[in-house]
$ cat start24.cif   # mmCIF, C-alpha atoms
data_target
#
loop_
_atom_site.label_atom_id
_atom_site.label_comp_id
_atom_site.auth_asym_id
_atom_site.auth_seq_id
_atom_site.Cartn_x
_atom_site.Cartn_y
_atom_site.Cartn_z
CA MET K 9 101.76 73.57 61.95
CA LYS K 10 105.43 73.78 62.84
CA ILE K 11 106.80 72.60 66.19
CA ALA K 12 110.20 73.93 67.19
CA ILE K 13 112.58 74.48 70.06
CA GLU K 14 113.34 78.20 70.21
CA PRO K 15 115.76 80.14 72.39
CA LEU K 16 113.84 81.89 75.14
CA THR K 17 114.42 85.57 74.48
CA ARG K 18 112.54 88.63 75.66
CA GLU K 19 110.99 88.80 72.20
CA LEU K 20 109.68 85.23 72.42
CA ALA K 21 108.48 85.88 75.98
CA ALA K 22 106.56 88.93 74.72
CA GLU K 23 104.92 86.67 72.14
CA ILE K 24 104.08 84.00 74.71
CA ILE K 25 102.56 86.29 77.38
CA PRO K 26 99.25 87.05 75.58
CA VAL K 27 98.82 83.36 74.72
CA GLY K 28 99.72 82.56 78.33
CA GLN K 29 96.96 84.91 79.46
CA GLN K 30 94.52 82.95 77.29
CA SER K 31 95.72 79.79 79.02
CA TRP K 32 95.29 81.34 82.47
CA ASP K 33 91.78 82.54 81.64
CA GLU K 34 90.72 79.17 80.20
CA CYS K 35 92.20 77.22 83.12
CA SER K 36 90.57 79.56 85.63
CA GLU K 37 87.21 78.84 84.04
CA ILE K 38 87.82 75.08 84.14
CA LYS K 39 89.03 75.10 87.76
CA LYS K 40 86.49 77.62 89.07
CA ASP K 41 86.66 77.46 92.88
CA THR K 42 89.02 74.48 93.04
CA CYS K 43 92.26 76.46 92.80
CA ALA K 44 94.14 78.58 95.32
CA TYR K 45 92.75 81.75 93.76
CA HIS K 46 89.28 80.65 94.90
CA GLY K 47 87.52 81.34 91.63
CA GLN K 48 88.70 84.91 91.19
CA ARG K 49 88.72 85.90 87.54
CA GLY K 50 90.48 88.50 85.49
CA LEU K 51 93.91 88.19 87.11
CA GLN K 52 96.61 89.41 84.77
CA ILE K 53 99.59 87.10 84.63
CA ASP K 54 102.93 88.69 85.41
CA PRO K 55 105.57 86.04 84.67
CA ASP K 56 109.09 86.41 85.99
CA ILE K 57 110.74 86.61 82.58
CA ASP K 58 114.18 87.20 84.12
CA GLN K 59 113.92 83.91 86.01
CA TYR K 60 112.72 82.00 82.95
CA ILE K 61 115.61 83.40 80.90
CA TYR K 62 118.06 82.56 83.71
CA LEU K 63 116.83 78.95 83.66
CA ALA K 64 117.15 78.82 79.87
CA GLU K 65 120.69 80.23 79.97
CA HIS K 66 121.63 77.52 82.49
CA ASP K 67 120.24 74.64 80.40
CA SER K 68 117.33 74.14 82.80
CA LEU K 69 114.51 75.32 80.53
CA ILE K 70 113.41 74.43 77.02
CA ALA K 71 110.98 76.66 75.14
CA MET K 72 108.91 74.88 72.50
CA THR K 73 106.52 76.56 70.10
CA LEU K 74 103.69 75.62 67.82
CA ARG K 75 103.39 78.03 64.88
CA ASP K 76 101.08 78.20 61.90
CA GLU K 77 102.14 78.60 58.27
CA GLY K 78 102.39 82.39 58.76
CA ASP K 79 104.76 81.87 61.73
CA VAL K 80 102.09 83.05 64.21
CA LEU K 81 102.39 81.52 67.69
CA CYS K 82 99.45 79.18 68.29
CA GLY K 83 100.83 77.24 71.24
CA TYR K 84 103.84 76.92 73.50
CA ALA K 85 105.40 74.83 76.23
CA LEU K 86 108.04 75.80 78.77
CA LEU K 87 109.82 72.71 80.09
CA ILE K 88 111.91 72.80 83.24
CA LEU K 89 114.72 70.27 83.67
CA TYR K 90 115.97 69.35 87.12
CA LYS K 91 117.79 66.59 88.98
CA SER K 92 115.52 64.68 91.31
CA LEU K 93 116.19 65.50 94.94
CA HIS K 94 115.00 62.02 95.90
CA LEU K 95 116.98 60.03 93.31
CA LYS K 96 120.08 62.01 92.39
CA THR K 97 120.76 60.02 89.22
CA GLU K 98 117.34 60.85 87.73
CA LEU K 99 116.79 63.82 85.44
CA CYS K 100 113.21 65.06 85.51
CA GLY K 101 111.24 67.28 83.18
CA ASN K 102 108.31 69.37 84.31
CA VAL K 103 105.94 70.99 81.84
CA ASP K 104 105.78 74.31 83.66
CA THR K 105 103.27 75.84 81.27
CA PHE K 106 101.61 74.51 78.14
CA TYR K 107 98.86 75.85 75.93
CA VAL K 108 97.47 75.35 72.46
CA GLN K 109 94.85 77.76 71.18
CA PRO K 110 91.48 76.11 70.46
CA ASP K 111 91.70 76.52 66.66
CA SER K 112 95.06 74.70 66.65
CA ARG K 113 94.24 71.78 68.94
CA ARG K 114 94.20 69.33 66.05
CA SER K 115 98.00 69.53 66.42
CA MET K 116 97.99 69.03 70.18
CA LEU K 117 98.78 65.29 70.25
CA ARG K 118 101.71 65.80 67.89
CA PHE K 119 102.93 68.68 70.10
CA ILE K 120 102.63 66.57 73.28
CA SER K 121 104.51 63.71 71.59
CA GLN K 122 107.28 66.08 70.48
CA ILE K 123 107.58 67.42 74.04
CA ALA K 124 108.04 63.86 75.35
CA GLU K 125 110.57 63.06 72.61
CA THR K 126 112.52 66.27 73.28
CA LEU K 127 112.73 65.46 76.98
CA ARG K 128 113.65 61.81 76.30
CA ALA K 129 116.47 62.98 74.01
CA ARG K 130 117.83 65.14 76.85
CA GLY K 131 117.97 62.12 79.16
CA VAL K 132 114.83 62.82 81.17
CA SER K 133 113.44 59.74 82.90
CA ILE K 134 110.26 61.23 84.42
CA ILE K 135 107.98 63.84 82.87
CA GLY K 136 105.57 65.78 85.07
CA TRP K 137 102.49 67.59 83.77
CA PRO K 138 100.63 69.69 86.34
CA VAL K 139 97.01 69.35 85.21
CA THR K 140 93.57 69.52 86.72
CA LYS K 141 91.39 66.41 86.63
CA GLU K 142 88.52 68.48 85.27
CA GLY K 143 90.43 69.52 82.14
CA LYS K 144 90.62 67.69 78.81
CA LEU K 145 94.42 67.57 78.97
CA TYR K 146 94.16 65.19 81.95
CA GLU K 147 92.16 62.71 79.84
CA ILE K 148 94.56 63.05 76.90
CA LEU K 149 97.58 62.34 79.11
CA LEU K 150 95.86 59.31 80.66
CA ARG K 151 95.29 57.89 77.17
CA LEU K 152 98.99 58.44 76.41
CA GLY K 153 100.04 56.36 79.43
CA TYR K 154 100.62 59.06 82.04
CA ILE K 155 99.35 58.38 85.55
CA ALA K 156 98.05 60.70 88.26
CA ASP K 157 100.76 60.25 90.88
CA ASP K 158 100.68 62.98 93.51
CA VAL K 159 98.05 65.64 93.97
CA VAL K 160 99.26 69.16 94.72
CA MET K 161 97.21 70.71 97.50
CA GLU K 162 97.26 74.53 97.53
CA LEU K 163 96.50 77.14 100.15
CA LYS K 164 96.95 80.78 99.20
CA ILE K 165 98.12 82.55 102.36
CA LYS K 166 98.89 85.98 100.92
CA ASP K 167 96.40 88.56 99.67
CA LEU K 168 96.20 89.16 95.96
CA PRO K 169 98.07 92.09 94.37
CA GLY K 170 94.82 94.08 93.96
CA GLY K 171 94.12 93.90 97.69
CA GLU K 172 91.50 91.14 97.47
CA LEU K 173 91.54 88.88 100.50
CA CYS K 174 92.03 85.16 100.26
CA ALA K 175 89.46 82.83 101.76
#
$ encode --input "start24.cif" --output "structure tokens"
Amino acid sequence: MKIAIEPLTRELAAEIIPVGQQSWDECSEIKKDTCAYHGQRGLQIDPDIDQYIYLAEHDSLIAMTLRDEGDVLCGYALLILYKSLHLKTELCGNVDTFYVQPDSRRSMLRFISQIAETLRARGVSIIGWPVTKEGKLYEILLRLGYIADDVVMELKIKDLPGGELCA
């Protein structure tokens, strides 16, 4: 498995979207009714590719990939860099989205370590991973020394695109 930083292009985004849908579907199953979408399944992701590319062009996003020997995308991470609003001298990195397909998870620890090293090399002092406590990634990050700091509470106040009402 090859881990690399790749420029975020429309072509790479088109490669990531189906894998991102797999991530969404798997996470929805793990979270069930504990997320703001209240257990609704089958939502098609519709990422704002223009915004992701804008962030990448302004040195605020790093796209990392995990590819097999045939150069097929098996995992990805999109990392957002930002200056802390609370401590202006601190550069933070947030793992906006991360996924490794089940058949490639033997490479997941190496991928996570490379993400941390990439962010450290850019001067990041704090790395954030939005995860659910019910998922295996939470346990992996705990073993790697990450701590559960804040909990993000969500309330979906707008109906879904298909007209479904929120609870």
$ atom_distance --input "start24.cif" --atom1 "CA of Val27 (chain K)" --atom2 "CA of Asp67 (chain K)"
23.8 Å
$ closest_residue --input "start24.cif" --among "K:Leu74, K:Tyr84, K:Asp157, K:Met9" --to "Ala21 (chain K)" --atoms "all atoms listed in the file"
K:Tyr84
$ residues_around --input "start24.cif" --residues "Asp104 (chain K)" --least-positions-apart "2" --cutoff "7 Å" --atoms "all atoms listed in the file" --output "list in words"
Leu86, Leu87, Ile88, Asn102 and Phe106 of chain K
$ resolve_selection --input "start24.cif" --expression "the PyMOL selection byres ((chain K and resi 107-118) around 12)" --output "MDAnalysis selection string"
chainID K and resid 9:12 24:35 72:77 80:86 103:106 119:125 137 139 144:145 147:149 151:152
$ resolve_selection --input "start24.cif" --expression "the PyMOL selection byres ((chain K and resi 99) around 10)" --output "list in words"
Leu89, Tyr90, Lys91, Ser92, Leu93, Leu95, Lys96, Thr97, Glu98, Cys100, Gly101, Leu127, Arg128, Arg130, Gly131, Val132, Ser133, Ile134 and Ile135 of chain K
$ resolve_selection --input "start24.cif" --expression "the PyMOL selection byres ((chain K and resi 18) around 12)" --output "tab-separated table (two decimals) with C-alpha atoms, in the coordinates of the input"
chain	number	residue	atom	x	y	z
K	14	GLU	CA	113.34	78.20	70.21
K	15	PRO	CA	115.76	80.14	72.39
K	16	LEU	CA	113.84	81.89	75.14
K	17	THR	CA	114.42	85.57	74.48
K	19	GLU	CA	110.99	88.80	72.20
K	20	LEU	CA	109.68	85.23	72.42
K	21	ALA	CA	108.48	85.88	75.98
K	22	ALA	CA	106.56	88.93	74.72
K	23	GLU	CA	104.92	86.67	72.14
K	24	ILE	CA	104.08	84.00	74.71
K	25	ILE	CA	102.56	86.29	77.38
K	55	PRO	CA	105.57	86.04	84.67
K	56	ASP	CA	109.09	86.41	85.99
K	57	ILE	CA	110.74	86.61	82.58
K	58	ASP	CA	114.18	87.20	84.12
K	59	GLN	CA	113.92	83.91	86.01
K	60	TYR	CA	112.72	82.00	82.95
K	61	ILE	CA	115.61	83.40	80.90
K	62	TYR	CA	118.06	82.56	83.71
K	64	ALA	CA	117.15	78.82	79.87
$ atom_distance --input "start24.cif" --atom1 "CA of Ile13 (chain K)" --atom2 "CA of Ile70 (chain K)"
7.0 Å
$ atom_distance --input "start24.cif" --atom1 "CA of Thr126 (chain K)" --atom2 "CA of Asp158 (chain K)"
23.7 Å
